[in-house]
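Colleague: Input run-v3.txt, format and content: compact mmCIF, C-alpha atoms.
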# COMPACT_ATOMS: atom_id res chain seq x y z
CA MET N 1 -19.13 2.31 0.97
CA ALA N 2 -18.15 0.91 4.30
CA PHE N 3 -17.93 -2.48 5.87
CA ASN N 4 -20.18 -2.73 8.90
CA LEU N 5 -17.34 -4.04 11.02
CA ALA N 6 -15.57 -1.37 13.03
CA PRO N 7 -12.17 -3.13 13.36
CA LEU N 8 -12.01 -3.80 9.61
CA GLN N 9 -13.16 -0.32 8.65
CA ASN N 10 -10.64 1.19 11.05
CA LEU N 11 -7.80 -0.78 9.48
CA ILE N 12 -8.91 0.23 5.96
CA ASP N 13 -8.97 3.88 7.10
CA GLN N 14 -5.44 3.52 8.52
CA PHE N 15 -4.08 2.26 5.21
CA GLU N 16 -6.04 4.79 3.20
CA ARG N 17 -4.40 7.68 5.07
CA MET N 18 -1.11 6.85 3.32
CA GLN N 19 -0.21 8.97 0.36
CA GLY N 20 -0.89 7.22 -2.94
CA ILE N 21 -3.09 4.50 -1.42
CA GLY N 22 -6.66 4.60 -2.69
CA HIS N 23 -9.74 3.03 -1.21
CA LYS N 24 -9.55 -0.18 -3.23
CA THR N 25 -5.88 -0.77 -2.39
CA ALA N 26 -6.49 -0.03 1.29
CA GLN N 27 -9.31 -2.56 1.25
CA ARG N 28 -7.11 -5.20 -0.38
CA MET N 29 -4.37 -4.52 2.17
CA ALA N 30 -6.81 -4.90 5.07
CA PHE N 31 -7.96 -8.24 3.67
CA TYR N 32 -4.33 -9.27 3.36
CA VAL N 33 -3.96 -8.61 7.09
CA LEU N 34 -7.08 -10.66 7.86
CA GLY N 35 -5.54 -13.53 5.90
CA LEU N 36 -2.32 -13.53 7.96
CA SER N 37 -1.72 -16.02 10.73
CA GLU N 38 -1.88 -14.69 14.28
CA THR N 39 1.91 -14.64 14.65
CA GLU N 40 2.37 -12.86 11.32
CA ALA N 41 -0.18 -10.20 12.24
CA ARG N 42 1.57 -9.66 15.57
CA GLU N 43 4.94 -9.34 13.81
CA PHE N 44 3.48 -6.84 11.35
CA ALA N 45 2.09 -4.68 14.15
CA GLN N 46 5.37 -5.00 16.03
CA ALA N 47 7.34 -3.89 12.96
CA ILE N 48 5.34 -0.67 12.89
CA THR N 49 5.92 0.17 16.55
CA ASP N 50 9.56 -0.93 16.34
CA ALA N 51 10.37 1.19 13.31
CA HIS N 52 8.75 4.10 15.03
CA THR N 53 10.39 3.81 18.42
CA LYS N 54 13.84 2.54 17.43
CA ILE N 55 14.66 4.84 14.55
CA LYS N 56 16.04 8.25 15.44
CA GLN N 57 18.14 10.85 13.67
CA CYS N 58 21.94 10.57 13.58
CA SER N 59 23.30 13.35 15.79
CA ILE N 60 25.91 14.28 13.17
CA CYS N 61 24.33 13.99 9.73
CA CYS N 62 20.59 13.90 10.63
CA ASP N 63 20.14 10.72 8.55
CA LEU N 64 17.99 7.97 10.05
CA ALA N 65 19.81 5.86 12.63
CA ASP N 66 18.98 3.16 15.14
CA ASP N 67 21.73 4.43 17.42
CA GLU N 68 23.29 7.76 18.43
CA LEU N 69 25.17 7.75 15.11
CA CYS N 70 24.22 6.33 11.70
CA PRO N 71 26.37 3.52 10.22
CA ILE N 72 28.06 5.96 7.80
CA CYS N 73 29.08 8.50 10.44
CA LYS N 74 30.26 5.63 12.66
CA SER N 75 32.43 4.11 9.92
CA ASN N 76 36.20 4.66 9.91
CA THR N 77 36.59 4.03 6.19
CA ARG N 78 34.42 6.94 5.02
CA ASP N 79 36.10 10.14 3.94
CA LYS N 80 35.03 12.77 6.50
CA SER N 81 36.40 15.66 4.41
CA VAL N 82 33.51 15.51 1.91
CA ILE N 83 29.85 16.05 2.81
CA CYS N 84 27.08 15.33 0.34
CA VAL N 85 23.98 17.37 1.18
CA VAL N 86 20.62 15.74 0.32
CA GLU N 87 17.00 16.53 1.06
CA ASP N 88 15.80 13.14 2.24
CA PRO N 89 17.11 9.87 3.78
CA ARG N 90 15.96 8.08 0.61
CA ASP N 91 18.41 10.19 -1.38
CA VAL N 92 21.24 8.83 0.78
CA ALA N 93 20.10 5.32 -0.11
CA ALA N 94 20.00 6.24 -3.81
CA ILE N 95 23.55 7.60 -3.80
CA GLU N 96 24.84 4.66 -1.73
CA ARG N 97 23.50 2.35 -4.43
CA THR N 98 25.98 3.79 -6.94
CA HIS N 99 28.92 2.52 -4.78
CA GLU N 100 30.84 5.51 -6.16
CA TYR N 101 30.77 7.81 -3.18
CA ASN N 102 32.87 7.33 -0.06
CA GLY N 103 32.29 10.57 1.80
CA THR N 104 29.66 11.41 4.41
CA TYR N 105 26.18 12.88 4.07
CA HIS N 106 24.01 15.58 5.53
CA VAL N 107 20.25 15.16 5.38
CA LEU N 108 18.31 18.44 5.35
CA HIS N 109 14.85 16.82 5.78
CA GLY N 110 13.29 19.13 3.24
CA ALA N 111 14.12 22.05 0.98
CA ILE N 112 13.55 25.77 1.29
CA SER N 113 10.06 26.46 -0.02
CA PRO N 114 8.49 29.81 0.88
CA MET N 115 5.19 28.65 -0.67
CA ASP N 116 4.94 25.92 2.00
CA ASN N 117 6.30 28.17 4.76
CA ILE N 118 9.58 26.25 4.89
CA GLY N 119 12.47 28.62 5.44
CA PRO N 120 16.15 27.91 6.16
CA ASP N 121 15.35 27.44 9.86
CA GLN N 122 12.85 24.67 9.24
CA ILE N 123 15.44 22.39 7.63
CA ARG N 124 18.74 21.12 9.07
CA ILE N 125 21.01 23.90 7.77
CA LYS N 126 22.41 25.07 11.12
CA GLU N 127 23.36 21.45 11.90
CA LEU N 128 25.34 21.46 8.65
CA VAL N 129 27.09 24.73 9.44
CA ALA N 130 27.97 23.39 12.89
CA ARG N 131 29.78 20.43 11.28
CA LEU N 132 32.05 22.74 9.29
CA GLY N 133 33.68 24.37 12.30
CA ASP N 134 36.58 21.96 12.78
CA ASP N 135 38.41 22.57 9.47
CA MET N 136 38.22 18.91 8.51
CA VAL N 137 35.65 19.41 5.76
CA GLU N 138 37.06 20.45 2.38
CA GLU N 139 34.15 20.01 0.00
CA VAL N 140 30.37 20.12 0.23
CA ILE N 141 28.50 18.50 -2.67
CA MET N 142 24.98 19.86 -3.11
CA ALA N 143 22.77 16.93 -4.14
CA THR N 144 19.37 18.48 -3.53
CA ASN N 145 16.66 17.68 -6.08
CA PRO N 146 16.78 19.39 -9.49
CA THR N 147 13.59 21.30 -8.69
CA VAL N 148 13.01 24.98 -7.99
CA GLU N 149 13.06 24.32 -4.23
CA GLY N 150 16.14 22.10 -4.43
CA GLU N 151 17.96 24.71 -6.56
CA ALA N 152 17.08 27.52 -4.18
CA THR N 153 18.31 25.48 -1.23
CA ALA N 154 21.59 24.64 -2.97
CA MET N 155 22.09 28.29 -3.84
CA TYR N 156 21.30 29.46 -0.29
CA ILE N 157 23.71 26.98 1.29
CA SER N 158 26.51 27.66 -1.18
CA ARG N 159 26.32 31.40 -0.44
CA LEU N 160 26.44 30.59 3.26
CA LEU N 161 29.48 28.30 3.00
CA LYS N 162 31.68 30.02 0.43
CA PRO N 163 32.89 32.74 2.86
CA MET N 164 34.08 29.89 5.11
CA GLY N 165 36.55 28.81 2.45
CA ILE N 166 34.83 25.53 1.62
CA THR N 167 34.50 24.23 -1.96
CA VAL N 168 30.83 23.87 -2.81
CA SER N 169 29.90 21.77 -5.85
CA ARG N 170 26.64 20.69 -7.46
CA LEU N 171 25.60 17.40 -9.10
CA ALA N 172 25.89 17.51 -12.92
CA TYR N 173 22.79 18.09 -15.00
CA GLY N 174 22.32 16.26 -18.25
CA VAL N 175 20.44 13.59 -20.13
CA PRO N 176 19.83 10.45 -18.07
CA VAL N 177 21.78 7.39 -19.21
CA GLY N 178 19.65 5.08 -21.34
CA ALA N 179 17.05 7.73 -22.13
CA ASP N 180 15.95 8.79 -25.59
CA LEU N 181 17.07 12.29 -26.63
CA GLU N 182 13.77 12.74 -28.42
CA TYR N 183 11.90 12.67 -25.11
CA ALA N 184 14.30 14.82 -23.10
CA ASP N 185 12.78 18.14 -22.06
CA GLU N 186 14.26 21.42 -23.30
CA VAL N 187 15.69 22.53 -19.96
CA THR N 188 17.51 19.23 -19.40
CA LEU N 189 18.84 19.27 -22.96
CA SER N 190 20.13 22.81 -22.77
CA ARG N 191 21.79 22.01 -19.42
CA ALA N 192 23.37 18.93 -21.05
CA LEU N 193 24.69 21.13 -23.88
CA GLU N 194 26.12 23.69 -21.45
CA GLY N 195 27.81 20.95 -19.45
CA ARG N 196 29.24 19.08 -22.44
CA SER N 197 32.73 17.61 -22.08
CA LEU N 198 35.54 16.70 -24.51
CA ILE N 199 35.81 13.07 -25.60
CA MET H 1 19.08 -2.07 -2.26
CA ALA H 2 18.54 -2.07 1.47
CA PHE H 3 18.60 0.48 4.23
CA ASN H 4 21.17 -0.41 6.85
CA LEU H 5 18.63 -0.07 9.62
CA ALA H 6 17.05 -3.36 10.64
CA PRO H 7 13.76 -1.94 12.02
CA LEU H 8 13.20 0.10 8.86
CA GLN H 9 14.13 -2.73 6.51
CA ASN H 10 11.88 -5.09 8.43
CA LEU H 11 8.92 -2.74 8.06
CA ILE H 12 9.58 -2.32 4.33
CA ASP H 13 9.68 -6.11 3.97
CA GLN H 14 6.38 -6.41 5.82
CA PHE H 15 4.66 -4.01 3.43
CA GLU H 16 6.30 -5.55 0.39
CA ARG H 17 4.82 -8.96 1.20
CA MET H 18 1.38 -7.61 0.30
CA GLN H 19 0.09 -8.47 -3.12
CA GLY H 20 0.41 -5.58 -5.56
CA ILE H 21 2.84 -3.58 -3.39
CA GLY H 22 6.23 -3.11 -5.01
CA HIS H 23 9.51 -2.13 -3.40
CA LYS H 24 9.14 1.61 -4.00
CA THR H 25 5.62 1.73 -2.59
CA ALA H 26 6.64 -0.35 0.43
CA GLN H 27 9.49 2.07 1.04
CA ARG H 28 7.16 5.08 0.79
CA MET H 29 4.74 3.42 3.19
CA ALA H 30 7.50 2.73 5.71
CA PHE H 31 8.56 6.38 5.57
CA TYR H 32 4.95 7.36 6.09
CA VAL H 33 5.00 5.30 9.31
CA LEU H 34 8.22 7.01 10.44
CA GLY H 35 6.51 10.35 9.91
CA LEU H 36 3.58 9.49 12.20
CA SER H 37 3.36 10.72 15.76
CA GLU H 38 3.91 8.12 18.48
CA THR H 39 0.19 7.84 19.24
CA GLU H 40 -0.70 7.47 15.57
CA ALA H 41 1.87 4.71 15.10
CA ARG H 42 0.51 2.89 18.14
CA GLU H 43 -3.03 3.21 16.80
CA PHE H 44 -1.93 1.87 13.43
CA ALA H 45 -0.28 -1.17 14.99
CA GLN H 46 -3.31 -1.65 17.22
CA ALA H 47 -5.65 -1.54 14.22
CA ILE H 48 -3.76 -4.46 12.70
CA THR H 49 -3.92 -6.66 15.79
CA ASP H 50 -7.54 -5.64 16.45
CA ALA H 51 -8.75 -6.45 12.96
CA HIS H 52 -7.01 -9.75 13.23
CA THR H 53 -8.24 -10.82 16.64
CA LYS H 54 -11.73 -9.32 16.65
CA ILE H 55 -12.94 -10.37 13.21
CA LYS H 56 -14.33 -13.89 12.89
CA GLN H 57 -16.71 -15.62 10.53
CA CYS H 58 -20.47 -15.42 11.01
CA SER H 59 -21.66 -18.85 12.13
CA ILE H 60 -24.58 -18.75 9.69
CA CYS H 61 -23.39 -17.15 6.45
CA CYS H 62 -19.57 -17.34 6.87
CA ASP H 63 -19.28 -13.61 6.12
CA LEU H 64 -16.89 -11.60 8.29
CA ALA H 65 -18.32 -10.68 11.67
CA ASP H 66 -17.14 -9.11 14.90
CA ASP H 67 -19.64 -11.19 16.84
CA GLU H 68 -21.16 -14.67 16.67
CA LEU H 69 -23.42 -13.43 13.85
CA CYS H 70 -22.83 -10.81 11.16
CA PRO H 71 -25.04 -7.69 11.10
CA ILE H 72 -27.06 -9.04 8.15
CA CYS H 73 -27.85 -12.41 9.73
CA LYS H 74 -28.70 -10.63 13.00
CA SER H 75 -31.10 -8.21 11.32
CA ASN H 76 -34.88 -8.77 11.54
CA THR H 77 -35.64 -6.78 8.41
CA ARG H 78 -33.70 -8.97 5.96
CA ASP H 79 -35.60 -11.57 3.95
CA LYS H 80 -34.34 -14.94 5.19
CA SER H 81 -36.04 -16.85 2.33
CA VAL H 82 -33.45 -15.72 -0.24
CA ILE H 83 -29.72 -16.51 -0.05
CA CYS H 84 -27.22 -14.86 -2.37
CA VAL H 85 -24.10 -17.03 -2.72
CA VAL H 86 -20.82 -15.15 -3.29
CA GLU H 87 -17.16 -16.11 -3.32
CA ASP H 88 -15.74 -13.41 -1.09
CA PRO H 89 -16.76 -10.97 1.70
CA ARG H 90 -15.91 -8.12 -0.68
CA ASP H 91 -18.65 -9.33 -3.01
CA VAL H 92 -21.17 -8.95 -0.17
CA ALA H 93 -20.03 -5.35 0.20
CA ALA H 94 -20.38 -4.79 -3.56
CA ILE H 95 -23.95 -6.09 -3.64
CA GLU H 96 -24.89 -4.18 -0.49
CA ARG H 97 -23.79 -1.01 -2.23
CA THR H 98 -26.60 -1.42 -4.80
CA HIS H 99 -29.21 -1.10 -1.99
CA GLU H 100 -31.38 -3.36 -4.18
CA TYR H 101 -31.06 -6.63 -2.32
CA ASN H 102 -32.76 -7.38 0.96
CA GLY H 103 -32.08 -11.11 1.38
CA THR H 104 -29.20 -12.82 3.15
CA TYR H 105 -25.82 -14.01 1.88
CA HIS H 106 -23.61 -17.03 1.95
CA VAL H 107 -19.87 -16.54 1.53
CA LEU H 108 -18.04 -19.53 0.05
CA HIS H 109 -14.53 -18.14 0.66
CA GLY H 110 -13.34 -19.28 -2.74
CA ALA H 111 -14.52 -21.15 -5.81
CA ILE H 112 -14.03 -24.70 -7.00
CA SER H 113 -10.72 -24.80 -8.85
CA PRO H 114 -9.16 -28.22 -9.48
CA MET H 115 -6.03 -26.52 -10.83
CA ASP H 116 -5.40 -25.01 -7.39
CA ASN H 117 -6.51 -28.14 -5.54
CA ILE H 118 -9.69 -26.46 -4.32
CA GLY H 119 -12.58 -28.90 -4.38
CA PRO H 120 -16.14 -28.56 -3.02
CA ASP H 121 -14.91 -29.53 0.46
CA GLN H 122 -12.40 -26.69 0.64
CA ILE H 123 -15.08 -23.99 0.32
CA ARG H 124 -18.15 -23.41 2.51
CA ILE H 125 -20.63 -25.54 0.53
CA LYS H 126 -21.71 -27.88 3.32
CA GLU H 127 -22.43 -24.85 5.51
CA LEU H 128 -24.76 -23.65 2.74
CA VAL H 129 -26.51 -27.00 2.43
CA ALA H 130 -26.96 -27.09 6.22
CA ARG H 131 -28.85 -23.78 6.06
CA LEU H 132 -31.41 -25.18 3.62
CA GLY H 133 -32.74 -27.88 5.94
CA ASP H 134 -35.48 -25.88 7.66
CA ASP H 135 -37.69 -25.16 4.58
CA MET H 136 -37.48 -21.40 5.08
CA VAL H 137 -35.27 -20.81 2.06
CA GLU H 138 -37.07 -20.51 -1.27
CA GLU H 139 -34.43 -19.16 -3.62
CA VAL H 140 -30.65 -19.30 -3.90
CA ILE H 141 -29.06 -16.68 -6.17
CA MET H 142 -25.66 -17.72 -7.48
CA ALA H 143 -23.50 -14.58 -7.58
CA THR H 144 -20.10 -16.21 -8.01
CA ASN H 145 -17.68 -14.47 -10.35
CA PRO H 146 -18.23 -14.75 -14.12
CA THR H 147 -15.02 -16.79 -14.47
CA VAL H 148 -14.50 -20.46 -15.29
CA GLU H 149 -14.10 -21.27 -11.58
CA GLY H 150 -17.12 -19.17 -10.57
CA GLU H 151 -19.24 -20.80 -13.28
CA ALA H 152 -18.19 -24.30 -12.28
CA THR H 153 -19.01 -23.54 -8.65
CA ALA H 154 -22.44 -22.14 -9.57
CA MET H 155 -23.14 -25.20 -11.69
CA TYR H 156 -22.01 -27.60 -8.96
CA ILE H 157 -24.14 -25.96 -6.28
CA SER H 158 -27.23 -25.69 -8.50
CA ARG H 159 -27.07 -29.44 -9.22
CA LEU H 160 -26.75 -30.10 -5.52
CA LEU H 161 -29.72 -27.92 -4.54
CA LYS H 162 -32.27 -28.57 -7.29
CA PRO H 163 -33.26 -32.01 -5.94
CA MET H 164 -34.09 -30.24 -2.65
CA GLY H 165 -36.83 -28.27 -4.43
CA ILE H 166 -35.11 -24.90 -4.17
CA THR H 167 -35.15 -22.33 -6.97
CA VAL H 168 -31.57 -21.62 -8.04
CA SER H 169 -30.92 -18.52 -10.16
CA ARG H 170 -27.82 -16.84 -11.61
CA LEU H 171 -26.87 -13.17 -11.99
CA ALA H 172 -27.59 -11.83 -15.50
CA TYR H 173 -24.75 -11.56 -17.99
CA GLY H 174 -24.57 -8.63 -20.34
CA VAL H 175 -22.81 -5.46 -21.28
CA PRO H 176 -21.87 -3.32 -18.26
CA VAL H 177 -23.83 -0.07 -17.94
CA GLY H 178 -21.85 2.90 -19.24
CA ALA H 179 -19.44 0.77 -21.26
CA ASP H 180 -18.78 1.10 -24.97
CA LEU H 181 -20.11 -1.78 -27.11
CA GLU H 182 -17.04 -1.45 -29.31
CA TYR H 183 -14.83 -2.63 -26.47
CA ALA H 184 -17.05 -5.41 -25.14
CA ASP H 185 -15.54 -8.87 -25.66
CA GLU H 186 -17.29 -11.44 -27.86
CA VAL H 187 -18.37 -13.74 -25.05
CA THR H 188 -19.99 -10.92 -23.08
CA LEU H 189 -21.70 -9.61 -26.21
CA SER H 190 -23.08 -12.99 -27.23
CA ARG H 191 -24.35 -13.52 -23.65
CA ALA H 192 -25.98 -10.08 -23.82
CA LEU H 193 -27.68 -11.04 -27.11
CA GLU H 194 -28.93 -14.34 -25.67
CA GLY H 195 -30.31 -12.61 -22.61
CA ARG H 196 -31.99 -9.73 -24.46
CA SER H 197 -35.38 -8.58 -23.17
CA LEU H 198 -38.37 -6.84 -24.75
CA ILE H 199 -38.66 -3.10 -24.35
Render the structure in this file as structure tokens.
Modeller:
Amino acid sequence: MAFNLAPLQNLIDQFERMQGIGHKTAQRMAFYVLGLSETEAREFAQAITDAHTKIKQCSICCDLADDELCPICKSNTRDKSVICVVEDPRDVAAIERTHEYNGTYHVLHGAISPMDNIGPDQIRIKELVARLGDDMVEEVIMATNPTVEGEATAMYISRLLKPMGITVSRLAYGVPVGADLEYADEVTLSRALEGRSLI
Amino acid sequence: MAFNLAPLQNLIDQFERMQGIGHKTAQRMAFYVLGLSETEAREFAQAITDAHTKIKQCSICCDLADDELCPICKSNTRDKSVICVVEDPRDVAAIERTHEYNGTYHVLHGAISPMDNIGPDQIRIKELVARLGDDMVEEVIMATNPTVEGEATAMYISRLLKPMGITVSRLAYGVPVGADLEYADEVTLSRALEGRSLI
């Protein structure tokens, strides 16, 4: 069903286009906007245009940046000899949250997926290779997703980089901390067994 | 955790302020915006300001309108002798969806709720009373929500209108169509028993 008011219906349609937002939620969001004060609504609209116009890709690591370089590539305290390769800017944020990693990143913006017509040229692999030319990089950590596509991408890149004399590593597989063994799937469990370490 | 980019973080915060939108969803929505083309992002922002500036309240029924009057109050085919009183513009949309009602509406924009400091003066009751002066209205259907607040509001308005010689009715209570009796709560079931009809 539709509201008879074009501006309202248009706003509902805009929200509904987002992945994971159903009609009811879109409707509730549109009513939230109607309930905002004029200044708040203007700020909301401005935030959308701002995010869109001000955020670019870092010219080194392809992560999101509001400048020529992202804050990590700009920083002097990060270890430039290690590059952690991820699929998505959100993965950078996830790894940063651990506060355990002090190297740099490279964001591929996708993974190789022949089913979706995404080959090595559609993701930022040549940008990664270009960064390895100056002999500064010693290790590349593959942190693509533990999916078929992520695996294939990690494998492709590692084969590409090994002849260049660079150490390529992969994130460890295993049971997630805090999880119940009973509910772990077979593949994860067998990977955890393979990767077991002495205590 | 936060992204280091102010425009992105600002947009995430904007989405997160909405009721029912958590941090993860807000983040996904912000990334959706980043993925839009420039025109699409401009249209999205425009939809927000448009909805906010163009939508007002109908001067008769207090429903949302993009003009002085809402489409229902403007229409010549609607029966002006019946007014259905609801709490929210979304309730108008819900009743319209039945295609069973041809009268007009009155939107209260809330219900009497002393706990939240909402008394009869905070909702559009005097606007309703003002509509009843010209003798055209014969029946007022109370379609407030079946909650304590909705009930109290219906009761309050019916006591106010009865001395004016207007028929005041209430939506029927009962088991929802398609539901399982086993899961109906006691209050609903006892109301359904009370309101039983001959077949």
Colleague: Expressed in Å to a single decimal, how great is the separation between atom CA of Thr144 of chain N and atom CA of Glu87 of chain N?
Modeller: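 For atom CA of Thr144 of chain N relative to atom CA of Glu87 of chain N, the distance reads 5.5 Å.
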Colleague: Nearest to Ile95 of chain N: which of N:Val177, N:Ile55, N:Val187, N:Ala143 is it, counting all atoms listed in the file?
Modeller: N:Ala143
Colleague: Measuring between only C-alpha atoms, which one of N:Val140, N:Ala184, N:Ile72, N:Met115 shows the shortest distance to chain H?
Modeller: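 With only C-alpha atoms as the atom set, the closest residue is N:Ile72.
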Colleague: Give the answer as one residue: which of H:Met164, H:Ala152, H:Ala45, H:Cys70 has the shortest atom-to-atom distance to chain N, using only C-alpha atoms?
Modeller: H:Ala45
Colleague: Taking only C-alpha atoms into account, what are the residues of chain N at most 6 Å from chain H, put as a ChimeraX atom specification?
Modeller: /N:7-8,11,34,45,47,51-52
Colleague: Counting only C-alpha atoms, which residues come within 12 Å of (27.5, 18.1, -6.4), with the point read in the file's coordinates, and could you list them as an mmCIF file with C-alpha atoms, keeping the file's coordinate frame?
Modeller:
data_model
loop_
_atom_site.group_PDB
_atom_site.id
_atom_site.type_symbol
_atom_site.label_atom_id
_atom_site.label_comp_id
_atom_site.auth_asym_id
_atom_site.auth_seq_id
_atom_site.Cartn_x
_atom_site.Cartn_y
_atom_site.Cartn_z
ATOM 1 C CA VAL N 82 33.510 15.510 1.910
ATOM 2 C CA ILE N 83 29.850 16.050 2.810
ATOM 3 C CA CYS N 84 27.080 15.330 0.340
ATOM 4 C CA VAL N 85 23.980 17.370 1.180
ATOM 5 C CA VAL N 86 20.620 15.740 0.320
ATOM 6 C CA ILE N 95 23.550 7.600 -3.800
ATOM 7 C CA TYR N 101 30.770 7.810 -3.180
ATOM 8 C CA TYR N 105 26.180 12.880 4.070
ATOM 9 C CA GLU N 139 34.150 20.010 0.000
ATOM 10 C CA VAL N 140 30.370 20.120 0.230
ATOM 11 C CA ILE N 141 28.500 18.500 -2.670
ATOM 12 C CA MET N 142 24.980 19.860 -3.110
ATOM 13 C CA ALA N 143 22.770 16.930 -4.140
ATOM 14 C CA THR N 144 19.370 18.480 -3.530
ATOM 15 C CA ASN N 145 16.660 17.680 -6.080
ATOM 16 C CA PRO N 146 16.780 19.390 -9.490
ATOM 17 C CA GLU N 151 17.960 24.710 -6.560
ATOM 18 C CA ALA N 154 21.590 24.640 -2.970
ATOM 19 C CA MET N 155 22.090 28.290 -3.840
ATOM 20 C CA SER N 158 26.510 27.660 -1.180
ATOM 21 C CA THR N 167 34.500 24.230 -1.960
ATOM 22 C CA VAL N 168 30.830 23.870 -2.810
ATOM 23 C CA SER N 169 29.900 21.770 -5.850
ATOM 24 C CA ARG N 170 26.640 20.690 -7.460
ATOM 25 C CA LEU N 171 25.600 17.400 -9.100
ATOM 26 C CA ALA N 172 25.890 17.510 -12.920
ATOM 27 C CA TYR N 173 22.790 18.090 -15.000
#
Colleague: For a test of reading the model, state the distance in Å between atom CA of Ile123 of chain N and atom CA of Ala111 of chain N, rounded to one decimal.
Modeller: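 Atom CA of Ala111 of chain N lies 6.8 Å from atom CA of Ile123 of chain N.
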Colleague: For Arg131 of chain N, which of N:Asn76, N:Gly22, N:Ser81, N:Val175 is the closest residue, counting only C-alpha atoms?
Modeller: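 Of N:Asn76, N:Gly22, N:Ser81, N:Val175, the one nearest Arg131 of chain N, counting only C-alpha atoms, is N:Ser81.
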Colleague: What's the separation between atom CA of His106 of chain N and atom CA of Leu128 of chain N, in Å to one decimal place?
Modeller: 6.8 Å
Colleague: Hey, can you pull every residue with an atom no more than 7 Å from (22.3, 19.4, 8.9), using all atoms listed in the file, and send it as number ranges by chain?
Modeller: N: 61-62, 106-108, 124-128
